[in-house]
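Below is one structure, written out as structure tokens; comments come after it.
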There are 2 protein chains.
Amino acid sequence: MALIVQKFGGTSVADIDKIKNVAQKVIREKKAGNQVVVVLSAMAGETDRLIALAHQAAESPNPREYDSLISTGEQVTVTLLSIVLNSMGHSAKSFLGFQVKILTDKVYKKARIESIETAEIKKELKKGTIVIVAGFQGVDKDNNITTLGRGGSDTSAVALAAALKADRCDIYTDVDGVYTTDPNVCEKARRLNKISYDEMLEMAMTGAKVLQPRSVEMAKKYNVPVYVKSTFTDEGGTLVTKEDKDMEKEVVSGITYDRDQAKITVVQVPDKPGIAAALFMPLSEQNISVDMIIQNASLQGHTDLTFTVSKKDLKEARKIVNNAAKKISAKKVEVDDDVAKISIIGVGMASHSGVAATMFKTLADEGINIMMISTSEIKISCVIQRKYTELAVSALHDAFGLEKKK
Amino acid sequence: MALIVQKFGGTSVADIDKIKNVAQKVIREKKAGNQVVVVLSAMAGETDRLIALAHQAAESPNPREYDSLISTGEQVTVTLLSIVLNSMGHSAKSFLGFQVKILTDKVYKKARIESIETAEIKKELKKGTIVIVAGFQGVDKDNNITTLGRGGSDTSAVALAAALKADRCDIYTDVDGVYTTDPNVCEKARRLNKISYDEMLEMAMTGAKVLQPRSVEMAKKYNVPVYVKSTFTDEGGTLVTKEDKDMEKEVVSGITYDRDQAKITVVQVPDKPGIAAALFMPLSEQNISVDMIIQNASLQGHTDLTFTVSKKDLKEARKIVNNAAKKISAKKVEVDDDVAKISIIGVGMASHSGVAATMFKTLADEGINIMMISTSEIKISCVIQRKYTELAVSALHDAFGLEKKK
């Protein structure tokens, strides 16, 4: 008897008919002789509705109250699925964060799971009950409700799978797996049967929306096999798992893009110790994540510092950087939010030379200027003008032969 | 420094603007130097929306899941009020049933409060925090969410006032107090400045919608002064309190009606022991409350048994009674749902004679036939044809001189 965790996203539980469809998928796993734990998101659009209410109530809503408010969306879907399953004669029971309990730290809006109590869930599973857990939410040690950040239900599912030592964690979503790139942008995109944790993590971090990066980190840490599949079809699916021999043959597995980037350049910064800290400390204090950082060669005691932030943080980042730039006597601050980041990802990259060169040449051949470059062992990212996003993705997809069947 | 519990109903928190209006009333009590505990209902219509969702999901929703589902409405309003208050510079904190905690029995949909932990709330009040508690909900000893039944937020408020030994419990609603009768039915209705617990209880039980009967019972038991007032005006208000000398002068304080009644007659029941039990046991097993019961004089070993049930229970009650009637060899079952119950209530009634006679004569003078009569120390109820409801209420209001100023 296997223990399966099934997670269904917001579009899969958007209304009662869709929830009844989810019930069928749950019952199928149960009838196959498995123990089943289901994790749900809120109905599509519901979390946004609640966030809008919070911002109608106040410009900067109190974070403790905000989390308690927006956690109600998942409470609605888990109880409704349980009602459907019970009415069909299957014993089912919903659990909220405090009922499990899923213990987190005290960082509202992006709490991290510290531990999960499994005794009660295991007892219910043993009785044959289908256990349904509200995704996205937990409680801190003082019983305050916390939420795990956007896409947090993926993390809830993988964390539960890890804590329960589940045999598999199935992430049901509105696409039928992980693709070499976004099929909406490049029609030659091909679904991958398998991808390594590290590649999936890089893809999630550089723009692929299919899984929350933290859920992939956790899957890797606890070695949870994650299967990404569609709620609406039985075809396809992608297994996210440990690296294996097959994967290493692939130099590049996927191409991602991220249009949610803005580039900030601090011009003519005095080239002396402590300058970078003076710029980036105040940003980090305001919880603004800086992605790529480039420092140009020093010229007569001065240098230019360029970095990217998420577009939603740009307004606040600009204010902070302007202040910091004055203090360190930089000449000026330039902002460009008409950019995109294109990344190629592949575990085979580390052992193959010429991958970067191929990427740069491909972009150059299309007349696309590269503004910033950053690399890791299994990823190369370039910032380019936003309007070239589709062109760049398609050209790179061809150049690295991603269309071909394995 | 006084401790005030303020309860606001669904129409008072129906949208963000109304919640901001509630915030003003809360701040006023706080600024007057009081410690303030606020209890809220869900936004008007929200609980009905959630109930409709549950019934879309299943004909008979699992009660545990149903309660967890419909308790989300209060979670939304308490967090929103807290967000509003905090954004206005007032420290406020919301508490859900499990956070307080409000411990109840395990009877879903109409749980009873067993105890309320007050240490945490008292700590927050001492710090000057405005404490906001979700009405209508609690948890049983196994952390399952329970709800207290329709109007349960009144009970939450009074129970909190009792547990915290509050100086006053203010029930804010969409009317400005308790009236001698429903002003929508009788324009001469007059607001009462004061009413006794017992009278209020009888009025609530016989059709007045302003307070949930159980909240009045609890207020009486713990001697909590309850003040019914309007959210939308500062005028008026009615104090529900212990009986005093003034009240005893009034023979009749109020007139209520209840159109939600149906009359069932079991015709030609054998007049022998055990018959009533055979009829009423199966009803009680299905949680159907029977209100008035009348047994006519026995005629040749047979009698007629008439009783009333709530209209919403009629369909099921009829099925059960038909079965029982066959078993006890009754001749037939007759149903009349075109009835209303009219009641007159007054603590002075016990010490005045002729009250019942005046009621019967008043109805007779209007040509209204009385189908059933039931009395208590401070109440007389008559079942009449539904179409005479307004006429009966107005005639009795005149007959007992309720219009006059005290």
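Each chain in the structure tokens gets a letter, A, B, ..., in the order shown, and its residues are numbered from 1; ligands are numbered from 1 in order too.
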
Which chain A residues are at most 6 Å from chain B (counting only C-alpha atoms), as a ChimeraX atom specification?
/A:57-58,61-62,65,69,72,76,79,83-84,87

All residues 12 Å or closer to Val267 (chain B), only C-alpha atoms, same chain fewer than 3 positions away omitted, as a PyMOL selection string:
chain B and resi 264+270-271+295-296+298-299+302-307+321-322+325-326+328-335

Atoms kept (C-alpha atoms) for selection, written as a PDB file, in the first residue's frame:
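Output saved as again.pdb:
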ATOM      1  CA  ILE B 264     -50.221  18.767  12.532  1.00  0.00           C
ATOM      2  CA  PRO B 270     -56.496   5.429  20.659  1.00  0.00           C
ATOM      3  CA  ASP B 271     -56.567   7.002  24.123  1.00  0.00           C
ATOM      4  CA  GLN B 295     -54.788  16.850  23.281  1.00  0.00           C
ATOM      5  CA  ASN B 296     -58.545  17.085  22.982  1.00  0.00           C
ATOM      6  CA  SER B 298     -61.303  11.716  24.839  1.00  0.00           C
ATOM      7  CA  LEU B 299     -64.341  10.546  22.977  1.00  0.00           C
ATOM      8  CA  HIS B 302     -60.215   8.057  20.978  1.00  0.00           C
ATOM      9  CA  THR B 303     -58.683  11.486  21.099  1.00  0.00           C
ATOM     10  CA  ASP B 304     -57.217  14.037  18.632  1.00  0.00           C
ATOM     11  CA  LEU B 305     -53.627  15.158  19.118  1.00  0.00           C
ATOM     12  CA  THR B 306     -52.535  18.491  17.639  1.00  0.00           C
ATOM     13  CA  PHE B 307     -49.074  20.036  17.730  1.00  0.00           C
ATOM     14  CA  VAL B 321     -45.862  11.243  11.852  1.00  0.00           C
ATOM     15  CA  ASN B 322     -47.545   9.344   9.016  1.00  0.00           C
ATOM     16  CA  ALA B 325     -49.826   7.162  13.035  1.00  0.00           C
ATOM     17  CA  LYS B 326     -50.088   3.860  11.156  1.00  0.00           C
ATOM     18  CA  ILE B 328     -50.670   3.368  16.632  1.00  0.00           C
ATOM     19  CA  SER B 329     -53.766   2.864  14.427  1.00  0.00           C
ATOM     20  CA  ALA B 330     -54.733   6.530  14.265  1.00  0.00           C
ATOM     21  CA  LYS B 331     -57.381   7.368  11.693  1.00  0.00           C
ATOM     22  CA  LYS B 332     -55.449  10.024   9.706  1.00  0.00           C
ATOM     23  CA  VAL B 333     -52.999  12.905   9.816  1.00  0.00           C
ATOM     24  CA  GLU B 334     -53.999  16.453   8.888  1.00  0.00           C
ATOM     25  CA  VAL B 335     -51.570  19.271   8.189  1.00  0.00           C
TER      26      VAL B 335
END

9 Å contact set for Ile344 (chain B), only C-alpha atoms, chain neighbours under 5 positions out, as JSON, numbers by chain
{"B": [203, 252, 253, 254, 255, 256, 257, 359, 378, 379, 380, 381, 396]}

Residues at most 8 Å from Ile370 (chain B), counting only C-alpha atoms, excluding those fewer than 5 positions away in the same chain, as number ranges by chain?
B: 360, 363, 382-384

Sel. of strand (DSSP E) residues, region 254-306 of chain B, as a PyMOL selection string
chain B and resi 254-270+290-295+302-306

Output the selection as a compact mmCIF listing (two decimals), in the first residue's frame - C-alpha atoms for each residue.
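For reference, out12.txt as written:
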# COMPACT_ATOMS: atom_id res chain seq x y z
CA GLY B 254 -44.82 42.90 24.26
CA ILE B 255 -46.67 41.09 21.52
CA THR B 256 -44.93 38.70 19.15
CA TYR B 257 -45.94 36.62 16.18
CA ASP B 258 -44.44 33.65 14.41
CA ARG B 259 -45.52 32.76 10.90
CA ASP B 260 -43.00 29.95 10.68
CA GLN B 261 -45.39 27.43 12.22
CA ALA B 262 -47.23 24.44 10.87
CA LYS B 263 -49.97 22.56 12.65
CA ILE B 264 -50.22 18.77 12.53
CA THR B 265 -53.29 16.93 13.82
CA VAL B 266 -53.36 13.18 14.36
CA VAL B 267 -57.05 12.26 14.22
CA GLN B 268 -58.66 9.51 16.31
CA VAL B 269 -55.72 8.33 18.27
CA PRO B 270 -56.50 5.43 20.66
CA VAL B 290 -42.32 20.33 18.70
CA ASP B 291 -43.70 23.59 20.07
CA MET B 292 -47.32 23.53 21.28
CA ILE B 293 -49.08 20.24 21.99
CA ILE B 294 -52.84 19.96 22.55
CA GLN B 295 -54.79 16.85 23.28
CA HIS B 302 -60.22 8.06 20.98
CA THR B 303 -58.68 11.49 21.10
CA ASP B 304 -57.22 14.04 18.63
CA LEU B 305 -53.63 15.16 19.12
CA THR B 306 -52.54 18.49 17.64

Gap from CA of Gln286 (chain A) to CA of Ile320 (chain A) - Å, one decimal
9.1 Å

Tell me which protein, DNA and RNA residues are within 12 Å of Asn184 (chain A), counting only C-alpha atoms, leaving out same-chain ones fewer than 3 positions away, and put them as a ChimeraX atom specification.
/A:175,179-181,187-190,256-257,389-390,393-394

Could you tell me, as a VMD selection string, which residues of region 90-317 of chain B DSSP assigns to helix (DSSP H, G or I) when given the backbone?
chain B and resid 97 to 100 119 to 126 152 to 163 197 to 205 213 to 222 245 to 249 275 to 285 311 to 317

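The smallest atom-to-atom distance between Lys311 (chain A) and any of A:Ala42, A:Ile288, A:Ala324, A:Ala159, using only C-alpha atoms, is found for A:Ile288.
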